[in-house]
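> Here it is, the structure in full.
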Amino acid sequence: MTDTSLSDQQACDDLRILTAEYTSAVRARIADVEDPVARERAARLFTDQLLPDVAKAVKDVRIAAVVELRQGRTLKQVSALMGLSVPRVDQLLKGK
């Protein structure tokens, strides 16, 4: 994988902290639901609908970054920059 600059590392650290805080807040909110049926439904909503929506939105950002990196570069060059295989970079470019 490529070297990570301080700002890149800080961004990753910030994302880890934000994710932990968000997950903790969601878990606490779901745990506060008194009715066990409603609590289970809230947990299911989060895991089955909300998390996949977030993953899709973030994947779109990832794909856009790969498309940007591809401008003027070969798949092999992009794969080397990202630390991914050429087939994986190609899949990302195809939106998979």
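Ordered as shown in the structure tokens, chains take letters A, B, and onward, while each chain numbers its residues from 1 and ligands are numbered from 1 in the order shown.
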With a distance cut-off of 12 Å and only C-alpha atoms, select the neighbouring residues of Gln77 (chain A), excluding the residue or stretch itself and same-chain residues fewer than 4 positions from it, and output the selection as a CSV table (one decimal) with N, CA, C and O atoms, in the first residue's frame.

```csv
chain,number,residue,atom,x,y,z
A,2,THR,N,0.4,2.3,-0.4
A,2,THR,CA,1.2,3.6,-0.5
A,2,THR,C,1.3,4.2,0.9
A,2,THR,O,0.6,3.9,1.8
A,66,VAL,N,-11.8,6.6,-7.6
A,66,VAL,CA,-11.1,5.7,-8.5
A,66,VAL,C,-11.2,6.3,-9.9
A,66,VAL,O,-10.2,6.3,-10.7
A,69,LEU,N,-8.8,9.0,-10.2
A,69,LEU,CA,-7.4,8.5,-10.3
A,69,LEU,C,-7.1,7.9,-11.7
A,69,LEU,O,-6.0,8.0,-12.1
A,70,ARG,N,-8.1,7.4,-12.3
A,70,ARG,CA,-7.9,6.7,-13.6
A,70,ARG,C,-7.6,7.7,-14.7
A,70,ARG,O,-7.0,7.3,-15.7
A,71,GLN,N,-8.0,9.0,-14.6
A,71,GLN,CA,-7.7,10.0,-15.6
A,71,GLN,C,-6.2,10.1,-15.9
A,71,GLN,O,-5.5,10.5,-15.0
A,72,GLY,N,-5.9,9.7,-17.1
A,72,GLY,CA,-4.5,9.7,-17.5
A,72,GLY,C,-3.6,8.6,-17.0
A,72,GLY,O,-2.4,8.7,-17.1
A,73,ARG,N,-4.2,7.6,-16.3
A,73,ARG,CA,-3.4,6.5,-15.8
A,73,ARG,C,-3.9,5.2,-16.3
A,73,ARG,O,-5.1,5.1,-16.6
A,81,LEU,N,-1.2,2.7,-6.9
A,81,LEU,CA,-1.4,3.8,-6.1
A,81,LEU,C,-2.4,3.5,-4.9
A,81,LEU,O,-2.2,3.9,-3.8
A,82,MET,N,-3.4,2.6,-5.2
A,82,MET,CA,-4.4,2.3,-4.2
A,82,MET,C,-4.0,1.1,-3.4
A,82,MET,O,-4.6,0.8,-2.3
A,83,GLY,N,-3.0,0.3,-3.8
A,83,GLY,CA,-2.7,-1.0,-3.1
A,83,GLY,C,-3.8,-2.0,-3.4
A,83,GLY,O,-4.0,-2.9,-2.5
A,84,LEU,N,-4.4,-2.0,-4.5
A,84,LEU,CA,-5.4,-3.0,-4.9
A,84,LEU,C,-5.0,-3.7,-6.1
A,84,LEU,O,-4.1,-3.2,-6.9
A,85,SER,N,-5.6,-4.8,-6.4
A,85,SER,CA,-5.3,-5.6,-7.6
A,85,SER,C,-5.9,-4.8,-8.8
A,85,SER,O,-6.9,-4.1,-8.7
A,86,VAL,N,-5.4,-5.1,-10.0
A,86,VAL,CA,-5.9,-4.5,-11.2
A,86,VAL,C,-7.4,-4.9,-11.4
A,86,VAL,O,-8.2,-4.1,-11.7
A,89,VAL,N,-9.6,-2.8,-9.1
A,89,VAL,CA,-9.8,-1.5,-9.6
A,89,VAL,C,-10.8,-1.4,-10.8
A,89,VAL,O,-11.6,-0.6,-10.8
A,90,ASP,N,-10.6,-2.4,-11.7
A,90,ASP,CA,-11.6,-2.5,-12.8
A,90,ASP,C,-13.0,-2.7,-12.3
A,90,ASP,O,-13.9,-2.1,-12.8
```
> If you count only C-alpha atoms, which residues fall within 12 Å of region 18-22 of chain A, apart from same-chain ones fewer than 5 positions away, as a ChimeraX atom specification?
/A:11-13,27-29,46,51,54
> Quick one, how far is CA of Val58 (chain A) from CA of Gln91 (chain A)?
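Going from CA of Val58 (chain A) over to CA of Gln91 (chain A) covers 15.8 Å.
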> For Ala64 (chain A), which of A:Asp14, A:Leu93, A:Ala80, A:Arg88 is the closest residue, counting only C-alpha atoms?
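The closest residue to Ala64 (chain A) is A:Leu93.
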> Go ahead and compute the interatomic distance for CA of Val26 (chain A) and CA of Ala43 (chain A), in Å to one decimal.
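Straight-line distance from CA of Val26 (chain A) to CA of Ala43 (chain A) works out to 9.0 Å.
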